[in-house]
file work_1.cif (mmCIF, C-alpha atoms)
data_input
#
loop_
_atom_site.label_atom_id
_atom_site.label_comp_id
_atom_site.auth_asym_id
_atom_site.auth_seq_id
_atom_site.Cartn_x
_atom_site.Cartn_y
_atom_site.Cartn_z
CA MET A 288 -40.68 0.97 20.85
CA ASN A 289 -41.60 1.00 17.22
CA LEU A 290 -39.14 -1.31 15.48
CA ILE A 291 -40.14 -0.21 12.00
CA GLU A 292 -39.46 3.48 12.66
CA VAL A 293 -36.14 2.69 14.32
CA TYR A 294 -35.15 0.50 11.38
CA ILE A 295 -36.04 3.21 8.85
CA GLN A 296 -34.13 5.77 10.87
CA GLU A 297 -31.11 3.44 11.00
CA VAL A 298 -31.15 3.24 7.20
CA THR A 299 -31.88 6.86 6.35
CA ARG A 300 -29.43 8.48 8.74
CA ARG A 301 -26.69 6.94 6.62
CA LEU A 302 -28.04 8.48 3.42
CA PRO A 303 -27.68 11.94 1.88
CA GLU A 304 -30.24 14.41 3.19
CA LYS A 305 -32.07 14.92 -0.09
CA ASN A 306 -33.05 11.26 -0.55
CA ARG A 307 -34.02 10.52 3.02
CA GLU A 308 -37.68 11.38 2.96
CA ASP A 309 -38.49 9.55 -0.25
CA ILE A 310 -36.64 6.40 0.75
CA ALA A 311 -38.20 6.44 4.22
CA LEU A 312 -41.68 6.67 2.70
CA GLU A 313 -41.00 3.85 0.27
CA LEU A 314 -39.42 1.64 2.92
CA ARG A 315 -42.36 2.16 5.26
CA SER A 316 -44.89 1.23 2.62
CA THR A 317 -42.81 -1.78 1.57
CA ILE A 318 -42.49 -3.06 5.12
CA GLU A 319 -46.23 -2.61 5.68
CA ASP A 320 -46.84 -4.54 2.45
CA MET A 321 -44.82 -7.41 3.82
CA LEU A 322 -46.79 -7.59 7.04
CA PRO A 323 -50.06 -9.51 7.44
CA GLU A 324 -53.33 -7.69 8.22
CA ASP A 325 -53.10 -8.03 11.98
CA TYR A 326 -49.48 -8.12 12.90
CA GLY A 327 -47.44 -8.52 16.09
CA GLU A 328 -43.83 -7.90 16.96
CA GLU A 329 -42.74 -11.30 15.65
CA ASP A 330 -44.16 -10.48 12.20
CA VAL A 331 -42.30 -7.18 12.16
CA LYS A 332 -39.07 -8.90 13.13
CA ALA A 333 -39.51 -11.47 10.35
CA ALA A 334 -40.10 -8.73 7.77
CA LEU A 335 -37.09 -6.71 8.90
CA GLU A 336 -34.97 -9.85 8.91
CA LYS A 337 -35.74 -10.24 5.22
CA LEU A 338 -34.61 -6.69 4.49
CA GLY A 339 -31.34 -7.43 6.21
CA SER A 340 -28.88 -5.21 8.03
CA PRO A 341 -29.72 -1.50 7.79
CA ILE A 342 -26.07 -0.79 7.14
CA SER A 343 -25.87 -2.87 3.99
CA LEU A 344 -29.27 -1.64 2.84
CA ALA A 345 -28.08 1.95 3.24
CA ALA A 346 -24.86 1.07 1.42
CA GLY A 347 -26.96 -0.26 -1.45
CA TYR A 348 -28.89 3.01 -1.67
CA SER A 349 -25.86 5.21 -1.41
CA ASP A 350 -23.63 5.76 -4.42
CA ARG A 351 -20.61 6.37 -2.27
CA PRO A 352 -18.04 3.58 -2.19
CA MET A 353 -17.72 1.60 1.02
CA HIS A 354 -13.92 1.60 0.82
CA LEU A 355 -11.31 4.28 1.22
CA ILE A 356 -9.28 3.46 -1.87
CA GLY A 357 -10.66 1.15 -4.53
CA PRO A 358 -8.99 -1.11 -7.09
CA ARG A 359 -8.67 1.76 -9.58
CA TYR A 360 -6.25 3.69 -7.39
CA PHE A 361 -4.86 1.09 -5.01
CA ASP A 362 -1.79 0.12 -7.01
CA ILE A 363 -0.64 3.66 -7.72
CA TYR A 364 -1.33 4.57 -4.09
CA VAL A 365 0.95 1.80 -2.82
CA THR A 366 3.63 2.66 -5.39
CA LEU A 367 3.67 6.30 -4.34
CA LEU A 368 3.67 5.38 -0.67
CA LYS A 369 6.72 3.14 -1.11
CA MET A 370 8.52 5.87 -3.01
CA ILE A 371 7.70 8.81 -0.75
CA LEU A 372 8.05 7.12 2.66
CA PRO A 373 11.80 6.32 2.55
CA ILE A 374 12.67 9.62 0.91
CA ALA A 375 10.71 11.60 3.49
CA ALA A 376 12.23 9.57 6.31
CA VAL A 377 15.82 10.06 5.09
CA ILE A 378 15.38 13.79 4.50
CA SER A 379 13.79 14.34 7.91
CA VAL A 380 16.52 12.38 9.71
CA ILE A 381 19.28 14.27 7.92
CA SER A 382 17.73 17.64 8.69
CA MET A 383 17.18 16.57 12.29
CA ILE A 384 20.87 15.66 12.66
CA ALA A 385 21.94 18.91 11.05
CA GLN A 386 19.75 20.87 13.45
CA TYR A 387 21.18 18.96 16.37
CA PHE A 388 24.76 19.83 15.46
CA ILE A 389 24.00 23.50 14.91
CA GLY A 390 23.13 23.72 18.59
CA TYR A 391 25.84 21.26 19.67
CA GLY A 392 28.25 22.60 22.31
CA GLY A 393 30.76 19.75 22.05
CA ASN A 394 30.74 18.94 25.76
CA GLU A 395 28.79 15.71 25.78
CA ALA A 396 30.39 12.29 25.29
CA ALA A 397 30.08 11.30 21.67
CA LEU A 398 28.41 7.96 22.27
CA ASN A 399 25.73 9.62 24.41
CA VAL A 400 25.16 12.08 21.58
CA ALA A 401 24.86 9.16 19.17
CA LEU A 402 22.36 7.37 21.42
CA SER A 403 20.15 10.42 21.88
CA LEU A 404 20.37 11.12 18.15
CA MET A 405 19.27 7.57 17.45
CA GLY A 406 16.31 7.88 19.79
CA GLN A 407 15.29 11.17 18.25
CA GLY A 408 15.86 9.70 14.78
CA ILE A 409 13.49 6.79 15.39
CA TRP A 410 10.88 9.18 16.75
CA THR A 411 11.26 11.50 13.74
CA VAL A 412 10.94 8.60 11.30
CA ILE A 413 7.74 7.38 12.99
CA GLU A 414 6.29 10.89 13.04
CA VAL A 415 7.09 11.59 9.40
CA SER A 416 5.82 8.17 8.28
CA VAL A 417 2.50 8.70 10.02
CA GLN A 418 2.16 12.14 8.44
CA VAL A 419 3.01 10.89 4.93
CA PHE A 420 0.69 7.91 5.31
CA PHE A 421 -2.16 10.07 6.57
CA TRP A 422 -1.98 12.79 3.95
CA LEU A 423 -1.45 10.47 1.01
CA THR A 424 -4.42 8.38 2.13
CA VAL A 425 -6.60 11.47 2.53
CA VAL A 426 -5.68 12.70 -0.94
CA PHE A 427 -6.45 9.35 -2.53
CA ALA A 428 -9.70 8.92 -0.61
CA VAL A 429 -10.81 12.31 -1.93
CA ILE A 430 -9.79 11.41 -5.49
CA GLU A 431 -11.66 8.11 -5.18
CA ARG A 432 -14.82 10.00 -4.25
CA THR A 433 -14.59 12.80 -6.75
CA ASP A 434 -13.41 10.87 -9.82
CA GLN A 435 -16.35 10.52 -12.15
CA GLY A 436 -14.77 7.82 -14.34
CA LYS A 437 -16.57 4.73 -13.11
CA ASP A 438 -14.16 2.46 -14.91
CA GLN A 439 -12.77 -0.02 -12.39
CA GLN A 440 -9.59 -0.73 -14.37
CA PRO A 441 -6.48 0.03 -12.30
CA LEU A 442 -4.52 3.06 -13.44
CA THR A 443 -0.85 3.02 -14.33
CA PRO A 444 1.52 5.40 -12.51
CA SER A 445 1.09 7.86 -15.37
CA LEU A 446 -2.63 8.03 -14.39
CA LYS A 447 -3.74 6.60 -17.72
CA LYS A 448 -5.34 3.34 -18.73
CA TRP A 449 -2.88 0.52 -19.33
CA THR A 450 -1.79 -0.20 -22.90
CA PRO A 451 0.86 -2.64 -24.16
CA GLU A 452 2.99 0.43 -24.98
CA ASP A 453 3.58 0.86 -21.24
CA LEU A 454 5.73 -2.27 -21.24
CA LYS A 455 8.39 -0.49 -23.29
CA ASN A 456 9.12 1.81 -20.35
CA ILE A 457 9.98 -1.10 -18.09
CA SER A 458 13.35 -2.75 -18.44
CA TYR A 459 13.38 -6.47 -17.87
CA VAL A 460 15.62 -7.27 -14.90
CA PRO A 461 16.34 -10.84 -13.84
CA GLU A 462 16.00 -11.34 -10.08
CA LYS A 463 19.63 -12.35 -9.44
CA LYS A 464 21.06 -9.42 -11.31
CA ALA A 465 18.84 -6.81 -9.72
CA ILE A 466 20.03 -4.17 -7.29
CA SER A 467 17.22 -3.42 -4.91
CA LYS A 468 16.58 0.06 -3.54
CA CYS A 469 17.22 -1.47 -0.14
CA GLN A 470 20.79 -2.35 -1.10
CA VAL A 471 21.41 1.14 -2.45
CA PHE A 472 20.05 2.75 0.71
CA GLY A 473 22.10 0.31 2.75
CA SER A 474 25.35 1.25 1.02
CA LEU A 475 24.57 4.97 1.24
CA MET A 476 23.89 4.52 4.93
CA TRP A 477 27.20 2.66 5.32
CA THR A 478 29.05 5.50 3.58
CA ALA A 479 27.40 8.03 5.90
CA ILE A 480 28.32 5.96 8.97
CA TRP A 481 31.99 5.46 8.18
CA ALA A 482 32.41 9.05 6.99
CA THR A 483 30.98 10.28 10.29
CA LEU A 484 33.27 7.90 12.18
CA TYR A 485 36.26 9.20 10.23
CA PHE A 486 35.64 12.87 10.87
CA TYR A 487 34.61 12.45 14.52
CA ALA A 488 36.99 9.60 15.33
CA ASP A 489 38.43 11.42 18.36
CA HIS A 490 34.92 11.62 19.84
CA LEU A 491 33.50 8.33 18.63
CA VAL A 492 36.09 5.60 18.08
CA GLY A 493 37.94 4.45 21.13
CA ILE A 494 37.70 2.68 24.43
CA TYR A 495 34.52 3.11 26.43
CA LYS A 496 33.92 2.19 30.02
CA GLY A 497 30.53 1.92 31.69
CA GLY A 498 30.31 4.51 34.45
CA ARG A 499 27.66 6.00 36.68
CA ASP A 500 26.78 8.76 34.18
CA GLY A 501 26.37 6.51 31.16
CA LEU A 502 29.35 5.54 29.08
CA GLU A 503 32.68 7.18 29.68
CA PHE A 504 35.17 7.80 26.87
CA LEU A 505 38.61 6.63 28.02
CA ALA A 506 40.96 6.86 25.06
CA ALA A 507 40.61 7.55 21.34
CA THR A 508 41.86 4.86 18.96
CA PHE A 509 43.32 7.25 16.40
CA ASN A 510 45.35 10.41 16.39
CA GLN A 511 42.72 12.66 14.87
CA GLU A 512 45.36 15.10 13.66
CA VAL A 513 47.22 12.41 11.70
CA LEU A 514 43.97 10.89 10.47
CA LEU A 515 42.67 14.20 9.14
CA ARG A 516 45.80 14.84 7.07
CA TYR A 517 44.32 12.43 4.55
CA TRP A 518 40.95 14.19 4.30
CA PRO A 519 41.07 15.24 0.59
CA ILE A 520 41.59 11.68 -0.60
CA VAL A 521 38.97 10.34 1.87
CA VAL A 522 36.45 12.87 0.59
CA MET A 523 37.20 11.63 -2.93
CA VAL A 524 36.45 8.05 -1.88
CA ILE A 525 33.19 9.21 -0.27
CA GLY A 526 32.21 11.05 -3.44
CA PHE A 527 33.05 8.03 -5.56
CA GLU A 528 30.98 5.74 -3.32
CA ILE A 529 27.94 8.04 -3.42
CA ALA A 530 28.22 8.36 -7.18
CA LEU A 531 28.36 4.59 -7.61
CA SER A 532 25.31 4.13 -5.34
CA LEU A 533 23.32 6.62 -7.37
CA TYR A 534 24.43 4.95 -10.58
CA GLN A 535 23.20 1.63 -9.17
CA LEU A 536 19.90 3.20 -8.15
CA ILE A 537 19.32 4.48 -11.68
CA LYS A 538 20.46 1.34 -13.52
CA GLY A 539 18.76 -1.10 -11.16
CA GLN A 540 20.96 -4.00 -12.27
CA TRP A 541 24.60 -5.03 -12.46
CA THR A 542 26.43 -4.37 -15.73
CA LYS A 543 30.01 -4.95 -16.80
CA ARG A 544 30.79 -1.25 -16.66
CA MET A 545 29.34 -1.07 -13.17
CA ALA A 546 31.45 -4.01 -12.02
CA LEU A 547 34.54 -2.24 -13.42
CA SER A 548 33.71 1.02 -11.60
CA ASN A 549 33.14 -0.99 -8.45
CA THR A 550 36.58 -2.58 -8.86
CA ALA A 551 38.19 0.84 -9.29
CA LEU A 552 36.42 2.09 -6.17
CA GLN A 553 37.44 -0.90 -4.08
CA LEU A 554 41.03 -0.60 -5.28
CA MET A 555 41.16 3.08 -4.43
CA ALA A 556 39.56 2.56 -1.01
CA THR A 557 41.96 -0.28 -0.20
CA ILE A 558 45.02 1.77 -1.13
CA VAL A 559 43.84 4.73 0.95
CA PHE A 560 43.06 2.44 3.87
CA ILE A 561 46.49 0.80 3.77
CA VAL A 562 48.34 4.10 3.38
CA ILE A 563 46.56 5.53 6.41
CA LEU A 564 46.96 2.43 8.54
CA ILE A 565 50.69 1.91 7.96
CA ASN A 566 51.44 5.44 9.13
CA PRO A 567 53.17 4.70 12.46
CA ASN A 568 51.53 7.67 14.20
CA VAL A 569 47.96 7.00 13.25
CA LEU A 570 47.11 4.87 16.29
CA SER A 571 47.16 6.88 19.50
CA ALA A 572 49.78 5.93 22.04
CA GLU A 573 47.22 5.66 24.89
CA PHE A 574 45.12 3.26 22.92
CA VAL A 575 48.05 1.04 22.01
CA THR A 576 49.33 0.92 25.57
CA TYR A 577 45.91 0.18 26.98
CA MET A 578 45.23 -2.65 24.55
CA ALA A 579 48.71 -4.11 24.83
CA ASP A 580 48.26 -4.26 28.61
CA LEU A 581 44.90 -5.89 28.16
CA PHE A 582 46.29 -8.69 26.02
CA THR A 583 49.67 -8.77 27.83
CA ILE A 584 51.77 -8.30 24.70
CA THR A 585 54.21 -5.56 23.75
CA ALA A 586 53.05 -2.38 22.06
CA ASN A 587 54.84 -3.24 18.84
CA GLU A 588 53.30 -6.70 18.66
CA PHE A 589 49.86 -5.19 19.14
CA ARG A 590 50.51 -2.60 16.45
CA THR A 591 51.54 -5.32 14.01
CA TRP A 592 48.44 -7.33 14.82
CA ILE A 593 46.10 -4.40 14.26
CA VAL A 594 47.73 -3.27 11.02
CA GLY A 595 48.11 -6.79 9.62
CA GLY A 596 44.63 -7.91 10.64
CA GLY A 597 43.01 -4.70 9.44
CA ILE A 598 44.66 -4.90 6.06
CA PHE A 599 43.82 -8.58 5.69
CA ILE A 600 40.11 -8.10 6.50
CA PHE A 601 39.85 -5.04 4.27
CA LEU A 602 41.52 -6.82 1.34
CA LEU A 603 39.31 -9.86 1.76
CA SER A 604 36.04 -7.91 1.85
CA ALA A 605 37.12 -5.76 -1.10
CA ALA A 606 37.99 -8.87 -3.12
CA ILE A 607 34.66 -10.52 -2.32
CA ASN A 608 32.85 -7.30 -3.24
CA VAL A 609 34.64 -7.06 -6.60
CA TRP A 610 34.05 -10.72 -7.41
CA GLU A 611 30.32 -10.45 -6.55
CA GLY A 612 29.97 -7.50 -8.90
CA PHE A 613 31.48 -9.37 -11.83
CA ARG A 614 29.50 -12.52 -11.05
CA LYS A 615 26.21 -10.61 -11.05
CA ALA A 616 27.13 -8.66 -14.18
CA ARG A 617 27.81 -11.87 -16.07
CA ILE A 618 24.43 -13.53 -15.33
CA MET B 198 -16.71 -25.43 1.35
CA SER B 199 -20.40 -24.58 1.53
CA GLN B 200 -19.52 -20.98 2.26
CA LEU B 201 -17.49 -20.80 -0.92
CA LEU B 202 -20.34 -22.38 -2.85
CA ASN B 203 -22.69 -19.81 -1.35
CA SER B 204 -20.59 -16.86 -2.39
CA LEU B 205 -20.10 -18.28 -5.89
CA THR B 206 -23.84 -18.81 -6.25
CA THR B 207 -24.54 -15.26 -5.11
CA GLU B 208 -22.02 -14.01 -7.64
CA LEU B 209 -23.72 -15.99 -10.42
CA ARG B 210 -27.13 -14.60 -9.49
CA ARG B 211 -26.08 -11.01 -9.03
CA GLY B 212 -25.96 -10.17 -12.71
CA THR B 213 -29.25 -11.86 -13.48
CA LEU B 214 -31.25 -9.86 -10.94
CA THR B 215 -31.25 -6.72 -13.08
CA LEU B 216 -32.53 -8.66 -16.05
CA ALA B 217 -35.22 -10.38 -13.97
CA VAL B 218 -36.40 -7.06 -12.53
CA LEU B 219 -36.46 -5.31 -15.91
CA SER B 220 -38.48 -8.17 -17.38
CA GLN B 221 -41.26 -7.66 -14.83
CA LEU B 222 -41.49 -3.90 -15.19
CA ARG B 223 -43.36 -3.71 -18.51
CA THR B 224 -46.37 -3.09 -16.32
CA PRO B 225 -46.04 -0.75 -13.32
CA GLN B 226 -45.08 -2.49 -10.10
CA TYR B 227 -44.36 -1.35 -6.58
CA GLY B 228 -41.61 -2.87 -4.48
CA TYR B 229 -43.43 -5.64 -2.74
CA SER B 230 -45.57 -6.66 -5.73
CA LEU B 231 -42.34 -7.09 -7.66
CA VAL B 232 -40.97 -9.32 -4.90
CA GLN B 233 -44.07 -11.47 -5.06
CA LEU B 234 -43.95 -11.68 -8.84
CA LEU B 235 -40.33 -12.79 -8.84
CA GLU B 236 -40.79 -15.22 -5.98
CA GLY B 237 -43.84 -16.62 -7.79
CA SER B 238 -41.56 -17.46 -10.72
CA GLY B 239 -39.19 -19.19 -8.33
CA ILE B 240 -36.50 -16.52 -8.43
CA ALA B 241 -34.84 -16.08 -5.07
CA ILE B 242 -33.99 -12.48 -4.38
CA ASP B 243 -32.28 -10.62 -1.66
CA GLN B 244 -34.65 -7.81 -0.75
CA SER B 245 -31.85 -5.65 0.56
CA THR B 246 -30.41 -5.54 -2.96
CA LEU B 247 -33.73 -5.24 -4.78
CA TYR B 248 -34.90 -1.91 -3.39
CA PRO B 249 -31.64 -0.09 -3.91
CA LEU B 250 -31.49 -1.67 -7.39
CA LEU B 251 -34.84 -0.09 -8.31
CA ARG B 252 -33.53 3.32 -7.34
CA ARG B 253 -30.36 2.80 -9.30
CA LEU B 254 -32.34 1.80 -12.39
CA GLU B 255 -34.37 4.96 -11.97
CA LYS B 256 -31.24 7.05 -11.74
CA GLN B 257 -29.94 5.39 -14.92
CA GLU B 258 -33.27 6.35 -16.53
CA LEU B 259 -34.14 2.77 -17.37
CA VAL B 260 -37.33 3.00 -15.30
CA SER B 261 -39.51 5.86 -14.22
CA SER B 262 -41.39 6.08 -10.96
CA SER B 263 -44.52 7.70 -9.60
CA TRP B 264 -46.20 7.81 -6.23
CA ASP B 265 -49.75 6.51 -6.05
CA THR B 266 -51.46 8.15 -3.08
CA SER B 267 -55.03 7.23 -3.99
CA GLU B 268 -55.05 4.21 -1.69
CA SER B 269 -54.74 4.12 2.07
CA ARG B 270 -51.05 3.34 1.80
CA PRO B 271 -48.93 5.42 -0.58
CA ARG B 272 -46.93 3.24 -3.00
CA LYS B 273 -44.13 4.01 -5.35
CA TYR B 274 -44.68 2.43 -8.76
CA TYR B 275 -41.87 1.69 -11.17
CA VAL B 276 -42.26 1.08 -14.90
CA LEU B 277 -39.86 0.60 -17.80
CA SER B 278 -39.05 3.75 -19.77
CA GLU B 279 -38.66 3.67 -23.53
CA TYR B 280 -34.92 3.61 -23.16
CA GLY B 281 -35.25 0.91 -20.51
CA LEU B 282 -37.28 -1.26 -22.83
CA GLU B 283 -34.65 -0.93 -25.53
CA ILE B 284 -31.88 -1.88 -23.13
CA PHE B 285 -33.93 -4.72 -21.71
CA LEU B 286 -34.50 -6.28 -25.13
CA GLN B 287 -30.82 -6.15 -25.92
CA LEU B 288 -29.87 -7.59 -22.54
CA LYS B 289 -32.40 -10.36 -23.03
CA LYS B 290 -30.92 -11.27 -26.41
CA GLU B 291 -27.45 -11.26 -24.88
CA TRP B 292 -28.54 -13.47 -22.02
CA ILE B 293 -30.28 -16.03 -24.25
CA ALA B 294 -27.25 -16.28 -26.54
CA ASN B 295 -24.98 -16.56 -23.53
CA SER B 296 -26.95 -19.25 -21.81
CA LYS B 297 -27.16 -21.25 -25.03
CA GLU B 298 -23.38 -21.19 -25.32
CA LEU B 299 -22.94 -22.10 -21.70
CA TYR B 300 -25.52 -24.83 -21.99
CA SER B 301 -23.76 -26.48 -24.92
CA LEU B 302 -20.48 -26.14 -23.05
CA LEU B 303 -21.88 -27.88 -19.98
CA LYS B 304 -23.73 -30.42 -22.12
CA GLY B 305 -20.46 -31.36 -23.84
CA GLU B 306 -18.77 -31.77 -20.50
CA GLU B 307 -21.60 -34.02 -19.34
CA GLU B 308 -21.15 -36.26 -22.38
CA ASP B 309 -17.46 -36.49 -21.68
CA GLU B 310 -18.32 -37.69 -18.23
CA LEU B 311 -20.56 -40.43 -19.60
CA ASN B 312 -17.98 -41.75 -22.06
#
call {"tool": "encode", "arguments": {"input": "work_1.cif", "output": "structure tokens"}}
result
Amino acid sequence: MNLIEVYIQEVTRRLPEKNREDIALELRSTIEDMLPEDYGEEDVKAALEKLGSPISLAAGYSDRPMHLIGPRYFDIYVTLLKMILPIAAVISVISMIAQYFIGYGGNEAALNVALSLMGQGIWTVIEVSVQVFFWLTVVFAVIERTDQGKDQQPLTPSLKKWTPEDLKNISYVPEKKAISKCQVFGSLMWTAIWATLYFYADHLVGIYKGGRDGLEFLAATFNQEVLLRYWPIVVMVIGFEIALSLYQLIKGQWTKRMALSNTALQLMATIVFIVILINPNVLSAEFVTYMADLFTITANEFRTWIVGGGIFIFLLSAAINVWEGFRKARI
Amino acid sequence: MSQLLNSLTTELRRGTLTLAVLSQLRTPQYGYSLVQLLEGSGIAIDQSTLYPLLRRLEKQELVSSSWDTSESRPRKYYVLSEYGLEIFLQLKKEWIANSKELYSLLKGEEEDELN
């Protein structure tokens, strides 16, 4: 086996076609120059050792970068990825849920529906994330290879070179005052969850019992009919909550005005909650009887406990929420 | 520790290789003769960077090349172009000024050590 020829082949097969012949010729003559008059395999090995790995030699000859995305584009690539990934994931999950309910017959137990939706949701998020990641990476790898500007300076998100003027577009936000995107998504998610629970309470909220065919729905907690009488005001609270979340997303930090709007929202939500809960017919009779039996107290005692405890917890969390808002706005 | 030192040393040398190569190309040289010239002056070079470097210099039009097929073994000769000479002289000036500054910087530090 001719080591020299194999070595040259190992280098040139990694190079563009048009340069191969010339580089092969030069390499061969160089290697022969390095060898003594009467050489053996050991001499060849020593010479090739000096030239080093054919991969790095080929990389030296080739103008193509040995990375997918270099320092010039890396920052903007990561920024875009972080922006697009959650948006794509949320949109795909929402459209998946919508599609599911279009074909929904209404026969399945609600919790089983929720579980299968969750499974499908996780799968959809993974699928969409992989797609977004793949295509964005491909696009940037292509840009990296076609961009003729050999300047290694990182680009700003506006695809221009950084100047001090760019700083004017960034508002200075102290860490403690900041509202992260995570928090905003979290509160939007929370709104979506409780709104779903409200409108599907007769299918979702209640007593479950483990059976042979998965979970069995025994009794609903609320009288859906009574609950739904309040829908216009509940929809208003939902709208208010979404609006505040979007406002937080845009502002990115707590302000006095935001803390005031938050207070108004909490006040409104608390009043609505109390009004609904003190309606004597809102809790279903089956639920109350079942629970009262469970704790061996009378139905009225149980009702008082639920209403009192519910109102207390709601008031407490609303108060903490309001106070936090003002505290962060004042920093 | 020694690995870090190694990589720092390589980094220091990397920039000087171009200058060293340009300085030897006033007369035509082929790859291996250039290696011998540089090694004769005590300059350690990594051959796997030298050969690609010569091609890059050619692409940047700092050197021109020609194949000599008159001997038994064909050799590719490289020589400084006019533009290459101009660039080389400027680089050389830059390097000498730089090393003077660095030298006085290091010299001052040495004196501090003695005091």
call {"tool": "interface_residues", "arguments": {"input": "work_1.cif", "of": "chain A", "to": "chain B", "cutoff": "8 Å", "atoms": "all atoms listed in the file", "output": "ChimeraX atom specification"}}
result
/A:313,316-317,320-321,337-339,343-344,347-348
call {"tool": "resolve_selection", "arguments": {"input": "work_1.cif", "expression": "the PyMOL selection byres ((chain A and resi 535-544) around 10)", "output": "PyMOL selection string"}}
result
chain A and resi 458-472+529-534+545-550+611-618
call {"tool": "resolve_selection", "arguments": {"input": "work_1.cif", "expression": "the PyMOL selection byres ((chain A and resi 407-414) around 9)", "output": "list in words"}}
result
Ala375, Ala376, Val377, Ser379, Val380, Ile381, Met383, Ile384, Leu402, Ser403, Leu404, Met405, Gly406, Val415, Ser416, Val417, Gln418 and Val419 of chain A
call {"tool": "atom_distance", "arguments": {"input": "work_1.cif", "atom1": "CA of Ala488 (chain A)", "atom2": "CA of Leu603 (chain A)"}}
result
23.8 Å
call {"tool": "residues_around", "arguments": {"input": "work_1.cif", "residues": "Val492 (chain A)", "least_positions_apart": "2", "cutoff": "7 Å", "atoms": "all atoms listed in the file", "output": "number ranges by chain"}}
result
A: 484, 488-490, 507-508
call {"tool": "atom_distance", "arguments": {"input": "work_1.cif", "atom1": "CA of Gly237 (chain B)", "atom2": "CA of Ser349 (chain A)"}}
result
29.0 Å
call {"tool": "atom_distance", "arguments": {"input": "work_1.cif", "atom1": "CA of Ser262 (chain B)", "atom2": "CA of Glu319 (chain A)"}}
result
19.4 Å
call {"tool": "residues_around", "arguments": {"input": "work_1.cif", "residues": "Asp350 (chain A)", "least_positions_apart": "4", "cutoff": "12 Å", "atoms": "only C-alpha atoms", "output": "PDB file with C-alpha atoms, keeping the file's coordinate frame"}}
result
ATOM      1  CA  ARG A 301     -26.690   6.940   6.620  1.00  0.00           C
ATOM      2  CA  LEU A 302     -28.040   8.480   3.420  1.00  0.00           C
ATOM      3  CA  PRO A 303     -27.680  11.940   1.880  1.00  0.00           C
ATOM      4  CA  ASN A 306     -33.050  11.260  -0.550  1.00  0.00           C
ATOM      5  CA  LEU A 344     -29.270  -1.640   2.840  1.00  0.00           C
ATOM      6  CA  ALA A 345     -28.080   1.950   3.240  1.00  0.00           C
ATOM      7  CA  ALA A 346     -24.860   1.070   1.420  1.00  0.00           C
ATOM      8  CA  HIS A 354     -13.920   1.600   0.820  1.00  0.00           C
ATOM      9  CA  ARG A 432     -14.820  10.000  -4.250  1.00  0.00           C
ATOM     10  CA  THR A 433     -14.590  12.800  -6.750  1.00  0.00           C
ATOM     11  CA  GLN A 435     -16.350  10.520 -12.150  1.00  0.00           C
ATOM     12  CA  LYS A 437     -16.570   4.730 -13.110  1.00  0.00           C
TER      13      LYS A 437
ATOM     14  CA  PRO B 249     -31.640  -0.090  -3.910  1.00  0.00           C
ATOM     15  CA  LEU B 250     -31.490  -1.670  -7.390  1.00  0.00           C
ATOM     16  CA  ARG B 252     -33.530   3.320  -7.340  1.00  0.00           C
ATOM     17  CA  ARG B 253     -30.360   2.800  -9.300  1.00  0.00           C
ATOM     18  CA  LYS B 256     -31.240   7.050 -11.740  1.00  0.00           C
TER      19      LYS B 256
END
call {"tool": "closest_residue", "arguments": {"input": "work_1.cif", "among": "B:Ser269, B:Ser263, B:Ser301, B:Gln221", "to": "Leu282 (chain B)", "atoms": "only C-alpha atoms"}}
result
B:Gln221
call {"tool": "closest_residue", "arguments": {"input": "work_1.cif", "among": "B:Tyr280, B:Ile242, B:Gln287, B:Ser261", "to": "Thr213 (chain B)", "atoms": "only C-alpha atoms"}}
result
B:Ile242
call {"tool": "closest_residue", "arguments": {"input": "work_1.cif", "among": "B:Thr207, B:Glu255, B:Leu201, B:Glu236", "to": "Leu219 (chain B)", "atoms": "only C-alpha atoms"}}
result
B:Glu255
call {"tool": "residues_near_point", "arguments": {"input": "work_1.cif", "point": "(-40.9, -10.8, -15.5)", "cutoff": "8 Å", "atoms": "only C-alpha atoms", "output": "ChimeraX atom specification"}}
result
/B:217-222,234-235
call {"tool": "resolve_selection", "arguments": {"input": "work_1.cif", "expression": "the PyMOL selection byres ((chain A and resi 518-522) around 9)", "output": "count of residues only"}}
result
14
call {"tool": "axis_aligned_box", "arguments": {"input": "work_1.cif", "around": "region 215-219 of chain B", "padding_each_side": "6 Å", "output": "JSON"}}
result
{"center_x": -33.9, "center_y": -7.8, "center_z": -14.3, "size_x": 17.2, "size_y": 17.1, "size_z": 15.5}
call {"tool": "residues_around", "arguments": {"input": "work_1.cif", "residues": "Ala333 (chain A)", "least_positions_apart": "2", "cutoff": "12 Å", "atoms": "all atoms listed in the file", "output": "MDAnalysis selection string"}}
result
chainID A and resid 290:291 318 321:323 326:331 335:339
call {"tool": "residues_near_point", "arguments": {"input": "work_1.cif", "point": "(-2.8, 11.1, 5.3)", "cutoff": "12 Å", "atoms": "all atoms listed in the file", "output": "list in words"}}
result
Leu355, Tyr364, Leu368, Leu372, Glu414, Val415, Ser416, Val417, Gln418, Val419, Phe420, Phe421, Trp422, Leu423, Thr424, Val425, Val426, Phe427, Ala428 and Val429 of chain A
